[in-house]
$ cat input37.tsv   # TSV, C-alpha atoms
chain	number	residue	atom	x	y	z
A	1	MET	CA	9.96	-68.72	-60.29
A	2	ALA	CA	6.42	-68.27	-59.01
A	3	LEU	CA	5.07	-68.08	-55.49
A	4	LYS	CA	2.21	-70.25	-54.34
A	5	PRO	CA	-0.88	-68.06	-53.85
A	6	GLU	CA	-1.35	-69.01	-50.21
A	7	PRO	CA	-1.69	-66.05	-47.79
A	8	THR	CA	-0.70	-66.49	-44.16
A	9	ALA	CA	-2.27	-65.17	-40.97
A	10	PRO	CA	0.47	-62.51	-40.51
A	11	PHE	CA	-0.17	-61.44	-44.10
A	12	HIS	CA	-3.83	-60.75	-43.32
A	13	SER	CA	-2.80	-58.74	-40.24
A	14	VAL	CA	-0.49	-56.64	-42.39
A	15	GLN	CA	-3.26	-55.97	-44.90
A	16	TYR	CA	-5.41	-54.63	-42.08
A	17	ALA	CA	-2.51	-52.62	-40.64
A	18	LEU	CA	-1.84	-50.94	-44.00
A	19	ARG	CA	-5.51	-49.97	-44.24
A	20	VAL	CA	-5.32	-48.44	-40.77
A	21	LEU	CA	-2.12	-46.53	-41.62
A	22	GLU	CA	-3.76	-45.16	-44.77
A	23	ALA	CA	-6.71	-43.92	-42.68
A	24	VAL	CA	-4.44	-42.29	-40.09
A	25	SER	CA	-2.20	-40.65	-42.71
A	26	GLU	CA	-5.23	-38.94	-44.29
A	27	HIS	CA	-5.85	-36.97	-41.07
A	28	GLY	CA	-2.81	-34.92	-40.09
A	29	ASP	CA	-4.58	-33.50	-37.02
A	30	GLY	CA	-5.57	-36.91	-35.70
A	31	VAL	CA	-8.32	-39.47	-36.18
A	32	THR	CA	-10.28	-41.37	-33.53
A	33	GLU	CA	-10.59	-45.13	-33.22
A	34	ALA	CA	-14.28	-44.92	-34.13
A	35	GLN	CA	-13.45	-42.95	-37.29
A	36	ILE	CA	-10.76	-45.45	-38.25
A	37	SER	CA	-13.24	-48.28	-37.74
A	38	ARG	CA	-15.79	-46.62	-40.05
A	39	LYS	CA	-13.13	-45.79	-42.63
A	40	THR	CA	-11.58	-49.28	-42.77
A	41	GLY	CA	-14.61	-51.41	-41.94
A	42	LEU	CA	-12.65	-53.18	-39.19
A	43	PRO	CA	-14.58	-53.99	-35.99
A	44	VAL	CA	-13.47	-52.02	-32.93
A	45	GLU	CA	-12.47	-55.13	-30.96
A	46	HIS	CA	-9.98	-56.13	-33.69
A	47	LEU	CA	-8.86	-52.56	-34.28
A	48	THR	CA	-7.97	-51.97	-30.61
A	49	SER	CA	-5.34	-54.73	-30.53
A	50	LEU	CA	-4.02	-53.72	-33.95
A	51	LEU	CA	-3.60	-50.08	-32.87
A	52	LEU	CA	-1.80	-51.28	-29.74
A	53	THR	CA	0.70	-53.18	-31.92
A	54	LEU	CA	1.17	-50.20	-34.23
A	55	ARG	CA	1.75	-47.92	-31.23
A	56	ARG	CA	4.29	-50.33	-29.75
A	57	GLU	CA	6.17	-50.45	-33.05
A	58	GLY	CA	6.07	-46.64	-33.38
A	59	TYR	CA	4.00	-46.53	-36.56
A	60	VAL	CA	1.21	-44.49	-34.93
A	61	GLU	CA	1.06	-42.26	-31.86
A	62	GLN	CA	-1.86	-41.27	-29.65
A	63	ILE	CA	-2.23	-37.57	-28.88
A	64	THR	CA	-3.84	-35.91	-25.87
A	65	ASP	CA	-7.45	-36.18	-27.02
A	66	GLY	CA	-7.09	-39.91	-27.75
A	67	ALA	CA	-6.84	-39.46	-31.52
A	68	TYR	CA	-4.15	-41.18	-33.57
A	69	VAL	CA	-1.47	-39.63	-35.80
A	70	ILE	CA	1.38	-41.07	-37.84
A	71	GLY	CA	4.29	-42.15	-35.61
A	72	SER	CA	8.02	-41.51	-35.78
A	73	SER	CA	8.89	-44.97	-37.17
A	74	LEU	CA	6.74	-44.38	-40.23
A	75	LEU	CA	8.07	-40.86	-40.72
A	76	LEU	CA	11.61	-42.23	-40.81
A	77	LEU	CA	10.78	-44.43	-43.77
A	78	GLY	CA	11.08	-41.73	-46.42
A	79	SER	CA	12.62	-42.69	-49.73
A	80	GLY	CA	15.88	-43.77	-51.36
A	81	THR	CA	18.98	-44.48	-49.27
A	82	ALA	CA	17.52	-42.90	-46.13
A	83	ARG	CA	14.50	-45.17	-46.33
A	84	ARG	CA	16.62	-48.30	-46.81
A	85	GLN	CA	18.88	-47.42	-43.88
A	86	ALA	CA	15.95	-46.57	-41.63
A	87	LEU	CA	14.26	-49.84	-42.54
A	88	GLU	CA	17.39	-51.87	-41.78
A	89	VAL	CA	17.75	-50.18	-38.38
A	90	ARG	CA	14.06	-50.72	-37.63
A	91	LEU	CA	14.24	-54.38	-38.63
A	92	GLN	CA	17.36	-54.94	-36.54
A	93	GLN	CA	15.63	-53.43	-33.51
A	94	SER	CA	12.61	-55.66	-34.09
A	95	LEU	CA	14.85	-58.71	-34.42
A	96	ALA	CA	16.72	-57.89	-31.20
A	97	GLN	CA	13.42	-57.53	-29.34
A	98	LEU	CA	12.19	-60.80	-30.81
A	99	ARG	CA	15.46	-62.56	-29.89
A	100	ASP	CA	15.00	-61.52	-26.28
A	101	SER	CA	11.31	-62.48	-26.33
A	102	VAL	CA	11.81	-66.02	-27.65
A	103	GLY	CA	15.23	-66.59	-26.07
A	104	ALA	CA	16.79	-67.69	-29.35
A	105	ALA	CA	18.81	-66.35	-32.26
A	106	VAL	CA	16.45	-65.08	-34.98
A	107	TYR	CA	16.91	-64.56	-38.70
A	108	ILE	CA	15.25	-62.96	-41.73
A	109	SER	CA	15.85	-64.86	-44.94
A	110	ARG	CA	14.74	-64.12	-48.52
A	111	TYR	CA	14.65	-66.08	-51.75
A	112	VAL	CA	16.39	-63.76	-54.22
A	113	ASP	CA	17.41	-64.59	-57.80
A	114	GLY	CA	16.98	-68.29	-57.16
A	115	GLU	CA	19.11	-68.37	-54.01
A	116	ILE	CA	18.54	-68.38	-50.25
A	117	ARG	CA	19.97	-65.37	-48.46
A	118	VAL	CA	19.97	-64.63	-44.74
A	119	THR	CA	19.65	-60.84	-44.92
A	120	GLN	CA	19.60	-59.97	-41.20
A	121	TYR	CA	19.87	-61.77	-37.88
A	122	ALA	CA	20.13	-61.10	-34.16
A	123	ASP	CA	22.07	-63.33	-31.79
A	124	GLY	CA	23.86	-62.90	-28.47
A	125	PRO	CA	26.11	-64.62	-25.92
A	126	ARG	CA	23.18	-66.67	-24.56
A	127	THR	CA	21.46	-67.01	-27.94
A	128	PRO	CA	24.22	-68.04	-30.37
A	129	ALA	CA	23.56	-68.18	-34.11
A	130	VAL	CA	23.60	-71.57	-35.79
A	131	ASN	CA	26.98	-72.74	-37.08
A	132	GLU	CA	26.70	-72.57	-40.88
A	133	TRP	CA	28.75	-75.69	-41.46
A	134	VAL	CA	27.10	-76.18	-44.85
A	135	ASP	CA	26.22	-73.13	-46.97
A	136	PHE	CA	22.53	-72.30	-46.44
A	137	ARG	CA	22.19	-71.89	-50.22
A	138	SER	CA	23.01	-75.58	-50.65
A	139	SER	CA	20.93	-76.96	-47.78
A	140	ALA	CA	17.37	-75.77	-48.42
A	141	HIS	CA	16.08	-79.36	-48.22
A	142	ALA	CA	17.41	-79.73	-44.68
A	143	SER	CA	17.01	-76.40	-42.88
A	144	ALA	CA	13.82	-74.84	-41.50
A	145	VAL	CA	14.68	-71.65	-43.42
A	146	GLY	CA	15.14	-73.53	-46.68
A	147	LYS	CA	12.03	-75.67	-46.34
A	148	CYS	CA	9.94	-72.64	-45.42
A	149	LEU	CA	11.14	-70.80	-48.53
A	150	LEU	CA	10.74	-73.83	-50.81
A	151	ALA	CA	7.19	-74.30	-49.50
A	152	GLN	CA	6.36	-70.85	-50.87
A	153	LEU	CA	7.54	-71.75	-54.39
A	154	ASP	CA	5.56	-73.65	-57.00
A	155	ARG	CA	6.79	-77.08	-58.10
A	156	ASN	CA	8.75	-75.71	-61.04
A	157	GLY	CA	10.51	-73.27	-58.74
A	158	ARG	CA	11.39	-76.06	-56.31
A	159	ARG	CA	12.66	-78.35	-59.08
A	160	ASP	CA	14.77	-75.54	-60.50
A	161	HIS	CA	16.35	-74.94	-57.09
A	162	LEU	CA	17.05	-78.63	-56.45
A	163	SER	CA	18.50	-79.05	-59.96
A	164	ARG	CA	21.20	-76.60	-58.87
A	165	HIS	CA	21.52	-77.72	-55.24
A	166	LYS	CA	21.39	-81.46	-54.71
A	167	THR	CA	19.69	-82.99	-51.67
A	168	ALA	CA	22.78	-84.21	-49.85
A	169	ARG	CA	22.47	-86.13	-46.59
A	170	LEU	CA	23.72	-83.82	-43.84
A	171	THR	CA	22.55	-85.87	-40.83
A	172	SER	CA	20.70	-89.14	-40.33
A	173	ARG	CA	17.44	-87.14	-40.27
A	174	THR	CA	17.93	-85.27	-43.57
A	175	ILE	CA	15.29	-85.89	-46.25
A	176	THR	CA	17.10	-86.61	-49.51
A	177	ASN	CA	14.21	-88.03	-51.57
A	178	GLU	CA	12.65	-85.25	-53.69
A	179	LYS	CA	9.20	-86.89	-53.76
A	180	VAL	CA	9.12	-87.23	-49.97
A	181	LEU	CA	10.37	-83.65	-49.53
A	182	PHE	CA	7.75	-82.21	-51.89
A	183	SER	CA	5.01	-84.22	-50.16
A	184	LYS	CA	6.02	-82.77	-46.80
A	185	LEU	CA	6.17	-79.24	-48.22
A	186	ASP	CA	2.73	-79.61	-49.81
A	187	SER	CA	1.21	-80.84	-46.54
A	188	GLN	CA	2.76	-78.02	-44.48
A	189	PRO	CA	-0.02	-75.66	-43.27
A	190	ALA	CA	0.81	-72.05	-44.12
A	191	THR	CA	0.04	-70.90	-40.58
A	192	VAL	CA	2.13	-73.56	-38.81
A	193	PRO	CA	5.90	-73.06	-38.28
A	194	VAL	CA	8.25	-75.28	-40.28
A	195	LEU	CA	10.55	-77.26	-37.98
A	196	ASP	CA	14.05	-78.66	-38.40
A	197	ILE	CA	14.88	-81.27	-35.76
A	198	GLN	CA	18.59	-81.91	-36.35
A	199	GLU	CA	18.07	-82.26	-40.11
A	200	TYR	CA	20.62	-79.57	-40.97
A	201	ALA	CA	23.05	-80.05	-38.09
A	202	VAL	CA	23.39	-82.44	-35.19
A	203	GLY	CA	22.87	-80.50	-31.96
A	204	THR	CA	20.62	-77.78	-33.45
A	205	VAL	CA	16.85	-77.37	-33.83
A	206	CYS	CA	15.17	-74.59	-35.81
A	207	ALA	CA	11.77	-73.17	-36.77
A	208	ALA	CA	10.66	-70.80	-39.52
A	209	VAL	CA	7.48	-68.97	-40.50
A	210	PRO	CA	6.77	-67.38	-43.91
A	211	LEU	CA	7.10	-63.65	-44.56
A	212	THR	CA	5.73	-63.15	-48.05
A	213	ALA	CA	5.91	-59.49	-49.09
A	214	GLY	CA	4.84	-58.83	-52.66
A	215	SER	CA	6.42	-61.25	-55.14
A	216	SER	CA	9.33	-62.21	-52.90
A	217	ALA	CA	9.38	-65.30	-50.67
A	218	GLY	CA	10.81	-64.72	-47.22
A	219	CYS	CA	10.79	-66.16	-43.74
A	220	LEU	CA	11.46	-65.39	-40.10
A	221	ALA	CA	13.36	-68.12	-38.27
A	222	LEU	CA	14.95	-69.08	-34.96
A	223	SER	CA	17.54	-71.62	-33.84
A	224	LEU	CA	18.16	-73.35	-30.52
A	225	PRO	CA	20.80	-75.79	-29.24
A	226	ILE	CA	19.49	-79.32	-28.80
A	227	GLU	CA	19.47	-78.98	-24.99
A	228	ASP	CA	16.72	-76.37	-25.40
A	229	ALA	CA	14.69	-78.48	-27.84
A	230	HIS	CA	11.86	-78.69	-25.29
A	231	ARG	CA	11.30	-74.95	-25.87
A	232	LEU	CA	11.16	-75.16	-29.67
A	233	ARG	CA	7.39	-75.37	-30.21
A	234	THR	CA	6.61	-72.64	-27.68
A	235	ALA	CA	9.30	-70.39	-29.16
A	236	ALA	CA	8.03	-71.14	-32.68
A	237	ASP	CA	4.48	-70.20	-31.70
A	238	THR	CA	5.77	-66.90	-30.25
A	239	LEU	CA	7.75	-66.31	-33.45
A	240	ASN	CA	4.58	-66.87	-35.49
A	241	ARG	CA	2.54	-64.44	-33.38
A	242	ARG	CA	5.24	-61.76	-33.58
A	243	ALA	CA	5.80	-62.07	-37.34
A	244	ALA	CA	3.26	-59.41	-38.33
A	245	PRO	CA	5.30	-56.33	-37.20
A	246	VAL	CA	8.36	-57.62	-39.04
A	247	LEU	CA	6.30	-58.28	-42.18
A	248	LEU	CA	4.79	-54.81	-41.87
A	249	SER	CA	8.28	-53.28	-41.90
A	250	LEU	CA	9.10	-55.24	-45.05
A	251	ALA	CA	5.85	-54.19	-46.73
A	252	LEU	CA	6.25	-50.43	-46.13
$ encode --input "input37.tsv" --output "structure tokens"
Amino acid sequence: MALKPEPTAPFHSVQYALRVLEAVSEHGDGVTEAQISRKTGLPVEHLTSLLLTLRREGYVEQITDGAYVIGSSLLLLGSGTARRQALEVRLQQSLAQLRDSVGAAVYISRYVDGEIRVTQYADGPRTPAVNEWVDFRSSAHASAVGKCLLAQLDRNGRRDHLSRHKTARLTSRTITNEKVLFSKLDSQPATVPVLDIQEYAVGTVCAAVPLTAGSSAGCLALSLPIEDAHRLRTAADTLNRRAAPVLLSLAL
């Protein structure tokens, strides 16, 4: 299985963030914004908003003289089991914040060993998770999560997946024709959320944006009940804007 070489906007933001973190980590006693700008080549106007995001996520801290040092969130991500546990906690916190921000249940899903896996999610009494009435592994052609992940695979990867998981009709809106599905996936802009308008389940709408870290396809998704469908595009746009911190956590 191969990924399509198509970087997303959040991916570029993460590249810049990693360059900034490298610059900050090289100066244990602190480094100024101007020094970071010279070191990374990033313009100050872009760097200011990026540093604000990194501060909010706890990856850098600002000390009394205005210089930046490595933050507590980054220090927690050591190695081995401790690193994995710290990352899971950090991701869950980010998902809970995102759930409250978009007013919807949110999910992280990965394509691992040829299968779709929802690895973490955050829901609540007023933001219920989608009812998995058909196994997500068997419904990639219908769900926003599945289509977002399939869009990141090459054609051979997609065909391999659909050879093992047939395109069953789940609702009257489900795309079951492989040619039509592939055409829609190929025309999907990488920076635009993938939508599911009652294709997976009647009464549910969803959106997903790609989170490609290294050689693994992933996505960040949300679900809403049909009565909140009028909020889907706004919520999806917010999800897209907030994807970078989540992707950064996955990349560290």
$ axis_aligned_box --input "input37.tsv" --around "region 164-181 of chain A" --padding-each-side "6 Å" --output "lines of an AutoDock Vina configuration file"
center_x = 16.4
center_y = -82.9
center_z = -49.6
size_x = 26.6
size_y = 24.5
size_z = 30.6
$ atom_distance --input "input37.tsv" --atom1 "CA of Glu88 (chain A)" --atom2 "CA of Val24 (chain A)"
23.9 Å
$ residues_around --input "input37.tsv" --residues "Val209 (chain A)" --least-positions-apart "2" --cutoff "7 Å" --atoms "only C-alpha atoms" --output "list in words"
Cys148, Pro193, Val194, Leu211, Cys219, Leu220, Ala221 and Asn240 of chain A
$ atom_distance --input "input37.tsv" --atom1 "CA of Phe182 (chain A)" --atom2 "CA of Arg233 (chain A)"
22.7 Å
$ closest_residue --input "input37.tsv" --among "A:Pro225, A:Gly157, A:Pro43, A:Gly146" --to "Ile116 (chain A)" --atoms "all atoms listed in the file"
A:Gly146
$ residues_near_point --input "input37.tsv" --point "(17.9, -83.2, -56.4)" --cutoff "12 Å" --atoms "all atoms listed in the file" --output "JSON, numbers by chain"
{"A": [138, 139, 140, 141, 158, 159, 160, 161, 162, 163, 164, 165, 166, 167, 168, 169, 175, 176, 177, 178, 179, 180, 181, 182]}
$ closest_atom_pairs --input "input37.tsv" --of "region 92-113 of chain A" --to "region 203-208 of chain A" --cutoff "10 Å" --atoms "only C-alpha atoms" --output "JSON lines"
{"residue": "A:Ala104", "atom": "CA", "partner": "A:Cys206", "partner_atom": "CA", "distance": 9.6}
{"residue": "A:Ala105", "atom": "CA", "partner": "A:Cys206", "partner_atom": "CA", "distance": 9.7}
{"residue": "A:Val106", "atom": "CA", "partner": "A:Ala208", "partner_atom": "CA", "distance": 9.3}
{"residue": "A:Tyr107", "atom": "CA", "partner": "A:Ala208", "partner_atom": "CA", "distance": 8.9}
{"residue": "A:Ile108", "atom": "CA", "partner": "A:Ala208", "partner_atom": "CA", "distance": 9.3}
{"residue": "A:Ser109", "atom": "CA", "partner": "A:Ala208", "partner_atom": "CA", "distance": 9.6}
$ residues_near_point --input "input37.tsv" --point "(21.6, -64.9, -24.9)" --cutoff "9 Å" --atoms "all atoms listed in the file" --output "mmCIF file with C-alpha atoms, in the frame of the given file"
data_model
loop_
_atom_site.group_PDB
_atom_site.id
_atom_site.type_symbol
_atom_site.label_atom_id
_atom_site.label_comp_id
_atom_site.auth_asym_id
_atom_site.auth_seq_id
_atom_site.Cartn_x
_atom_site.Cartn_y
_atom_site.Cartn_z
ATOM 1 C CA ARG A 99 15.460 -62.560 -29.890
ATOM 2 C CA ASP A 100 15.000 -61.520 -26.280
ATOM 3 C CA GLY A 103 15.230 -66.590 -26.070
ATOM 4 C CA ALA A 104 16.790 -67.690 -29.350
ATOM 5 C CA ALA A 105 18.810 -66.350 -32.260
ATOM 6 C CA ASP A 123 22.070 -63.330 -31.790
ATOM 7 C CA GLY A 124 23.860 -62.900 -28.470
ATOM 8 C CA PRO A 125 26.110 -64.620 -25.920
ATOM 9 C CA ARG A 126 23.180 -66.670 -24.560
ATOM 10 C CA THR A 127 21.460 -67.010 -27.940
ATOM 11 C CA PRO A 128 24.220 -68.040 -30.370
#
$ closest_residue --input "input37.tsv" --among "A:Leu54, A:Thr174, A:His27, A:Ala17" --to "Thr40 (chain A)" --atoms "all atoms listed in the file"
A:Ala17
$ atom_distance --input "input37.tsv" --atom1 "CA of Leu185 (chain A)" --atom2 "CA of Asp135 (chain A)"
21.0 Å
$ closest_residue --input "input37.tsv" --among "A:Leu195, A:Leu18, A:Leu247, A:Ala142" --to "Ser172 (chain A)" --atoms "all atoms listed in the file"
A:Ala142
$ closest_residue --input "input37.tsv" --among "A:Val246, A:Ala229, A:Leu52, A:Ala23" --to "Val89 (chain A)" --atoms "only C-alpha atoms"
A:Val246
$ residues_around --input "input37.tsv" --residues "Arg55 (chain A)" --least-positions-apart "6" --cutoff "8 Å" --atoms "all atoms listed in the file" --output "number ranges by chain"
A: 61-62, 71
$ closest_residue --input "input37.tsv" --among "A:Thr191, A:Ser216, A:Thr119, A:Thr32" --to "Thr48 (chain A)" --atoms "only C-alpha atoms"
A:Thr32
$ closest_residue --input "input37.tsv" --among "A:Ile63, A:Val102, A:Ala34, A:Ile197" --to "Arg242 (chain A)" --atoms "all atoms listed in the file"
A:Val102
